[in-house]
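With PDB, C-alpha atoms, pLDDT in the B column inside, this is model_23.pdb:
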```pdb
ATOM      1  CA  GLN N 530     155.220 131.203  81.922  1.00 93.00           C
ATOM      2  CA  GLY N 531     152.099 129.251  80.991  1.00 95.00           C
ATOM      3  CA  VAL N 532     152.576 129.789  77.264  1.00 95.00           C
ATOM      4  CA  GLN N 533     156.234 128.849  77.479  1.00 95.00           C
ATOM      5  CA  GLU N 534     155.365 125.707  79.447  1.00 97.00           C
ATOM      6  CA  VAL N 535     152.782 124.660  76.853  1.00 97.00           C
ATOM      7  CA  ILE N 536     155.319 125.220  74.064  1.00 97.00           C
ATOM      8  CA  ARG N 537     157.859 123.111  75.968  1.00 96.00           C
ATOM      9  CA  ARG N 538     155.369 120.276  76.499  1.00 97.00           C
ATOM     10  CA  VAL N 539     154.187 120.310  72.889  1.00 97.00           C
ATOM     11  CA  ARG N 540     157.752 120.111  71.604  1.00 96.00           C
ATOM     12  CA  GLN N 541     158.616 117.458  74.189  1.00 96.00           C
ATOM     13  CA  ALA N 542     155.752 115.362  72.789  1.00 97.00           C
ATOM     14  CA  GLY N 543     157.394 115.595  69.363  1.00 97.00           C
ATOM     15  CA  ALA N 544     154.923 118.034  67.832  1.00 97.00           C
ATOM     16  CA  LEU N 545     155.551 121.453  66.348  1.00 96.00           C
ATOM     17  CA  ALA N 546     154.579 124.310  68.637  1.00 97.00           C
ATOM     18  CA  ILE N 547     152.787 126.988  66.629  1.00 96.00           C
ATOM     19  CA  VAL N 548     151.526 129.976  68.601  1.00 97.00           C
ATOM     20  CA  MET N 549     148.924 132.470  67.470  1.00 97.00           C
ATOM     21  CA  THR N 550     148.446 135.977  68.799  1.00 97.00           C
ATOM     22  CA  PRO N 551     145.045 136.858  70.242  1.00 96.00           C
ATOM     23  CA  PRO N 552     142.451 138.667  68.150  1.00 96.00           C
ATOM     24  CA  PRO N 553     141.886 142.323  69.027  1.00 97.00           C
ATOM     25  CA  PHE N 554     139.292 143.518  71.510  1.00 95.00           C
ATOM     26  CA  ASP N 555     136.874 145.849  69.716  1.00 95.00           C
ATOM     27  CA  PRO N 556     134.908 147.857  72.284  1.00 92.00           C
ATOM     28  CA  LYS N 557     132.887 149.611  69.549  1.00 91.00           C
ATOM     29  CA  SER N 558     131.347 146.239  68.633  1.00 92.00           C
ATOM     30  CA  LEU N 559     130.588 145.272  72.224  1.00 87.00           C
ATOM     31  CA  GLN N 560     126.817 145.635  72.523  1.00 79.00           C
ATOM     32  CA  GLY N 561     125.312 146.384  75.947  1.00 74.00           C
ATOM     33  CA  ALA N 562     128.559 146.262  77.927  1.00 77.00           C
ATOM     34  CA  ASN N 563     129.718 148.821  80.423  1.00 87.00           C
ATOM     35  CA  LEU N 564     133.386 149.597  79.734  1.00 91.00           C
ATOM     36  CA  LEU N 565     135.373 150.258  82.895  1.00 92.00           C
ATOM     37  CA  PRO N 566     138.500 152.381  83.278  1.00 92.00           C
ATOM     38  CA  ALA N 567     141.718 151.189  84.912  1.00 93.00           C
ATOM     39  CA  GLY N 568     141.707 150.586  88.642  1.00 93.00           C
ATOM     40  CA  HIS N 569     138.587 148.494  89.100  1.00 92.00           C
ATOM     41  CA  GLU N 570     138.882 145.413  91.261  1.00 91.00           C
ATOM     42  CA  LYS N 571     137.074 143.108  88.850  1.00 92.00           C
ATOM     43  CA  TYR N 572     136.359 143.089  85.129  1.00 91.00           C
ATOM     44  CA  SER N 573     134.088 140.711  83.216  1.00 87.00           C
ATOM     45  CA  TYR N 574     132.562 140.126  79.784  1.00 81.00           C
ATOM     46  CA  MET N 575     129.777 142.604  80.523  1.00 81.00           C
ATOM     47  CA  THR N 576     132.094 145.034  82.343  1.00 88.00           C
ATOM     48  CA  PRO N 577     135.423 144.796  80.484  1.00 90.00           C
ATOM     49  CA  TYR N 578     138.451 147.008  80.859  1.00 92.00           C
ATOM     50  CA  ALA N 579     137.994 149.837  78.362  1.00 92.00           C
ATOM     51  CA  GLU N 580     141.623 149.630  77.208  1.00 93.00           C
ATOM     52  CA  TYR N 581     141.767 145.829  77.046  1.00 93.00           C
ATOM     53  CA  ASN N 582     142.926 145.901  73.450  1.00 94.00           C
ATOM     54  CA  GLY N 583     146.117 147.628  74.613  1.00 95.00           C
ATOM     55  CA  VAL N 584     146.718 144.690  76.938  1.00 94.00           C
ATOM     56  CA  LEU N 585     146.076 142.211  74.101  1.00 96.00           C
ATOM     57  CA  ARG N 586     148.349 144.197  71.770  1.00 97.00           C
ATOM     58  CA  ARG N 587     151.225 144.066  74.282  1.00 97.00           C
ATOM     59  CA  TYR N 588     150.596 140.325  74.778  1.00 96.00           C
ATOM     60  CA  ALA N 589     150.524 139.768  71.009  1.00 97.00           C
ATOM     61  CA  TYR N 590     153.795 141.619  70.533  1.00 97.00           C
ATOM     62  CA  TRP N 591     155.375 139.591  73.345  1.00 97.00           C
ATOM     63  CA  MET N 592     154.240 136.402  71.607  1.00 97.00           C
ATOM     64  CA  LEU N 593     156.008 137.581  68.454  1.00 97.00           C
ATOM     65  CA  THR N 594     159.295 137.436  70.399  1.00 97.00           C
ATOM     66  CA  LEU N 595     158.989 133.670  71.000  1.00 97.00           C
ATOM     67  CA  THR N 596     160.986 132.801  67.896  1.00 95.00           C
ATOM     68  CA  ALA N 597     163.511 130.714  69.860  1.00 95.00           C
ATOM     69  CA  GLU N 598     160.819 128.781  71.753  1.00 95.00           C
ATOM     70  CA  ALA N 599     158.069 128.229  69.177  1.00 96.00           C
ATOM     71  CA  ASP N 600     158.326 126.518  65.808  1.00 96.00           C
ATOM     72  CA  GLY N 601     156.037 129.111  64.285  1.00 95.00           C
ATOM     73  CA  ILE N 602     154.204 132.292  65.212  1.00 96.00           C
ATOM     74  CA  ILE N 603     151.071 133.495  63.471  1.00 97.00           C
ATOM     75  CA  ASN N 604     150.072 137.114  64.017  1.00 98.00           C
ATOM     76  CA  ILE N 605     146.300 137.472  63.636  1.00 97.00           C
ATOM     77  CA  HIS N 606     146.043 140.537  65.881  1.00 98.00           C
ATOM     78  CA  ASP N 607     147.450 143.019  63.365  1.00 97.00           C
ATOM     79  CA  PRO N 608     145.588 141.793  60.239  1.00 97.00           C
ATOM     80  CA  LEU N 609     142.283 141.813  62.132  1.00 97.00           C
ATOM     81  CA  THR N 610     142.983 145.268  63.564  1.00 97.00           C
ATOM     82  CA  THR N 611     143.829 146.587  60.088  1.00 97.00           C
ATOM     83  CA  TYR N 612     140.669 145.047  58.636  1.00 96.00           C
ATOM     84  CA  ILE N 613     138.433 146.492  61.379  1.00 97.00           C
ATOM     85  CA  GLU N 614     140.004 149.936  61.019  1.00 97.00           C
ATOM     86  CA  SER N 615     139.559 149.813  57.240  1.00 97.00           C
ATOM     87  CA  ARG N 616     135.905 148.814  57.476  1.00 96.00           C
ATOM     88  CA  ARG N 617     135.230 151.363  60.199  1.00 96.00           C
ATOM     89  CA  SER N 618     136.789 154.191  58.191  1.00 97.00           C
ATOM     90  CA  ALA N 619     134.279 153.433  55.421  1.00 97.00           C
ATOM     91  CA  ASP N 620     131.403 152.826  57.860  1.00 96.00           C
ATOM     92  CA  PRO N 621     131.777 154.202  61.415  1.00 95.00           C
ATOM     93  CA  ALA N 622     128.918 151.941  62.560  1.00 94.00           C
ATOM     94  CA  TYR N 623     130.708 148.751  61.413  1.00 95.00           C
ATOM     95  CA  ILE N 624     130.362 145.865  63.903  1.00 95.00           C
ATOM     96  CA  SER N 625     133.259 143.379  63.773  1.00 94.00           C
ATOM     97  CA  GLY N 626     131.619 140.706  65.921  1.00 92.00           C
ATOM     98  CA  ASP N 627     130.672 140.825  69.575  1.00 90.00           C
ATOM     99  CA  GLY N 628     133.742 142.814  70.614  1.00 90.00           C
ATOM    100  CA  ILE N 629     135.687 139.709  71.596  1.00 89.00           C
ATOM    101  CA  HIS N 630     134.869 137.134  68.910  1.00 92.00           C
ATOM    102  CA  PRO N 631     135.211 138.138  65.243  1.00 94.00           C
ATOM    103  CA  ASN N 632     132.346 137.917  62.761  1.00 91.00           C
ATOM    104  CA  LYS N 633     132.463 135.820  59.557  1.00 87.00           C
ATOM    105  CA  GLN N 634     134.749 138.256  57.780  1.00 89.00           C
ATOM    106  CA  GLY N 635     137.091 138.299  60.786  1.00 94.00           C
ATOM    107  CA  HIS N 636     137.263 134.518  60.786  1.00 92.00           C
ATOM    108  CA  TRP N 637     138.055 134.671  57.086  1.00 91.00           C
ATOM    109  CA  ILE N 638     140.968 137.032  57.854  1.00 94.00           C
ATOM    110  CA  ILE N 639     142.176 134.527  60.484  1.00 95.00           C
ATOM    111  CA  ALA N 640     141.885 131.627  58.008  1.00 92.00           C
ATOM    112  CA  LYS N 641     143.801 133.498  55.292  1.00 93.00           C
ATOM    113  CA  THR N 642     146.499 134.488  57.774  1.00 96.00           C
ATOM    114  CA  LEU N 643     146.864 130.906  59.016  1.00 95.00           C
ATOM    115  CA  LEU N 644     147.016 129.495  55.483  1.00 94.00           C
ATOM    116  CA  ALA N 645     149.665 132.028  54.496  1.00 95.00           C
ATOM    117  CA  GLY N 646     151.728 131.614  57.653  1.00 94.00           C
ATOM    118  CA  LEU N 647     151.569 127.844  57.954  1.00 93.00           C
ATOM    119  CA  PHE N 648     151.424 126.676  54.349  1.00 93.00           C
ATOM    120  CA  ASN N 649     152.500 129.698  52.270  1.00 93.00           C
ATOM    121  CA  ILE N 650     149.091 129.681  50.557  1.00 93.00           C
ATOM    122  CA  THR N 651     147.715 133.006  49.348  1.00 91.00           C
ATOM    123  CA  LEU N 652     144.066 133.103  48.370  1.00 84.00           C
ATOM    124  CA  GLU N 653     143.017 135.658  45.796  1.00 82.00           C
ATOM    125  CA  ARG N 654     139.313 135.810  46.521  1.00 83.00           C
ATOM    126  CA  GLU N 655     136.879 135.107  49.307  1.00 80.00           C
ATOM    127  CA  PRO N 656     134.874 131.919  48.717  1.00 79.00           C
ATOM    128  CA  SER N 657     131.096 132.338  48.647  1.00 78.00           C
ATOM    129  CA  TYR N 658     130.715 130.098  51.691  1.00 78.00           C
ATOM    130  CA  VAL N 659     132.374 132.747  53.891  1.00 78.00           C
ATOM    131  CA  GLU N 660     129.366 135.029  53.449  1.00 77.00           C
ATOM    132  CA  HIS N 661     126.796 132.224  53.073  1.00 82.00           C
ATOM    133  CA  PRO N 662     128.082 129.129  54.894  1.00 81.00           C
ATOM    134  CA  GLU N 663     124.626 127.581  54.977  1.00 81.00           C
ATOM    135  CA  GLN N 664     124.897 127.060  51.213  1.00 86.00           C
ATOM    136  CA  SER N 665     128.081 124.993  51.451  1.00 88.00           C
ATOM    137  CA  GLU N 666     128.012 121.211  51.711  1.00 90.00           C
ATOM    138  CA  LEU N 667     131.507 121.259  53.212  1.00 87.00           C
ATOM    139  CA  TYR N 668     130.385 123.698  55.909  1.00 85.00           C
ATOM    140  CA  ARG N 669     127.305 121.574  56.656  1.00 89.00           C
ATOM    141  CA  LEU N 670     129.466 118.476  57.124  1.00 93.00           C
ATOM    142  CA  ALA N 671     131.992 120.345  59.276  1.00 89.00           C
ATOM    143  CA  TRP N 672     129.166 121.760  61.417  1.00 88.00           C
ATOM    144  CA  GLU N 673     127.640 118.299  61.891  1.00 93.00           C
ATOM    145  CA  ARG N 674     131.040 116.989  63.000  1.00 94.00           C
ATOM    146  CA  HIS N 675     131.430 119.936  65.368  1.00 92.00           C
ATOM    147  CA  LEU N 676     128.049 119.250  66.966  1.00 94.00           C
ATOM    148  CA  LEU N 677     128.853 115.548  67.335  1.00 95.00           C
ATOM    149  CA  LEU N 678     132.253 116.177  68.905  1.00 94.00           C
ATOM    150  CA  SER N 679     130.872 118.912  71.140  1.00 93.00           C
ATOM    151  CA  ALA N 680     128.191 116.567  72.455  1.00 93.00           C
ATOM    152  CA  ALA N 681     130.771 113.816  72.979  1.00 94.00           C
ATOM    153  CA  TRP N 682     133.097 116.123  74.932  1.00 90.00           C
ATOM    154  CA  LYS N 683     130.248 117.258  77.173  1.00 91.00           C
TER
END
```

Can I see the file as structure tokens?
Amino acid sequence: QGVQEVIRRVRQAGALAIVMTPPPFDPKSLQGANLLPAGHEKYSYMTPYAEYNGVLRRYAYWMLTLTAEADGIINIHDPLTTYIESRRSADPAYISGDGIHPNKQGHWIIAKTLLAGLFNITLEREPSYVEHPEQSELYRLAWERHLLLSAAWK
């Protein structure tokens, strides 16, 4: 209901409502957490539900049904899952981030998926700043802006 209400309000304001599925939960990348089975009263970041990705997958697939409500739907769950599985098949110790938030390569997958879904732009190669953002002037400027806005919001 909350997602549908946000979509309604966004469209009522005259904007396009674009929804994006959640990224996957990757328990193999979650360092130092105690995964809990179903039935516990409370879960948290350090004690997450072991099968939380199944919950996110069902939620993502539900979001994909919002074609009548939303002006666009971007599925990042599946491309990230495919990428993680591919990397992990080559290297079983692969860490995709912190289990909840993707690493640089995961964010690159999200960016490519958004560019393709929103603007029909397909990128053929990964820019060097994905692996080494500290070497990019554009990244430096964007990071400075982020820090400024973050401080202003606080």

Considering only C-alpha atoms, state which residue in the set N:Gly635, N:Ala544, N:Tyr574, N:Arg674 is at the smallest distance from N:Thr611. N:Gly635

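For the choices N:Leu670, N:Ala579, N:Leu652, N:Val532, the atom-to-atom distance to N:Met592 is smallest for N:Val532 when using only C-alpha atoms.
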
What box, with edges along x, y and z, holds each listed atom of stretch 567-577 of chain N when 3 Å is added on every side, and can you state its centre and edge lengths in Å to one decimal, as AutoDock Vina command-line options?
```
--center_x 135.7 --center_y 145.7 --center_z 85.5 --size_x 17.9 --size_y 17.1 --size_z 17.5
```

Can you pull out the residues contacting N:Glu580? Cut-off 10 Å, using all atoms listed in the file, and skip same-chain residues under 5 positions away; I want them as a ChimeraX atom specification. /N:554-556,564-567,585

Selection result of the PyMOL selection byres ((chain N and resi 599) around 7) on this file, as JSON, numbers by chain: {"N": [536, 546, 547, 548, 595, 596, 597, 598, 600, 601, 602]}

Shell of 10 Å around N:Asp607, only C-alpha atoms, local chain residues under 2 positions omitted, as a VMD selection string: chain N and resid 550 to 553 586 589 to 590 604 to 605 609 to 613

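Residue nearest N:Asn649 within the list N:Gly628, N:Gln560, N:Thr594, N:Ile603: N:Ile603 [criterion: smallest interatomic distance, only C-alpha atoms].
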
For the structure shown, which residues end up in the PyMOL selection byres ((chain N and resi 624) around 10)? Put them as a short mmCIF file (atom, residue, chain, number, x, y, z; two decimals) with C-alpha atoms, keeping the file's coordinate frame, please?
```
data_model
loop_
_atom_site.label_atom_id
_atom_site.label_comp_id
_atom_site.auth_asym_id
_atom_site.auth_seq_id
_atom_site.Cartn_x
_atom_site.Cartn_y
_atom_site.Cartn_z
CA ASP N 555 136.87 145.85 69.72
CA PRO N 556 134.91 147.86 72.28
CA LYS N 557 132.89 149.61 69.55
CA SER N 558 131.35 146.24 68.63
CA LEU N 559 130.59 145.27 72.22
CA GLN N 560 126.82 145.64 72.52
CA ILE N 613 138.43 146.49 61.38
CA ARG N 616 135.90 148.81 57.48
CA ARG N 617 135.23 151.36 60.20
CA ASP N 620 131.40 152.83 57.86
CA PRO N 621 131.78 154.20 61.42
CA ALA N 622 128.92 151.94 62.56
CA TYR N 623 130.71 148.75 61.41
CA SER N 625 133.26 143.38 63.77
CA GLY N 626 131.62 140.71 65.92
CA ASP N 627 130.67 140.82 69.58
CA GLY N 628 133.74 142.81 70.61
CA PRO N 631 135.21 138.14 65.24
CA ASN N 632 132.35 137.92 62.76
#
```

Place a sphere of radius 10 Å on (140.4, 135.4, 54.5) in the file coordinates and name every protein, DNA or RNA residue with an atom inside or on its surface, counting all atoms listed in the file; give the answer as a VMD selection string. chain N and resid 633 to 645 651 to 656 659

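Distance annotation: of N:Gln533, N:Met575, N:Met549, N:Ala681, the residue with the minimal separation from N:Leu647 is N:Met549; atom set is only C-alpha atoms.
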
Between atom CA of N:Gln530 and atom CA of N:Tyr588 lies a distance of 12.5 Å

In Å, with one decimal, what is the gap from atom CA of N:Glu534 to atom CA of N:Gly583? 24.3 Å

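Relative to atom CA of N:Val535, atom CA of N:Trp591 is found at 15.6 Å.
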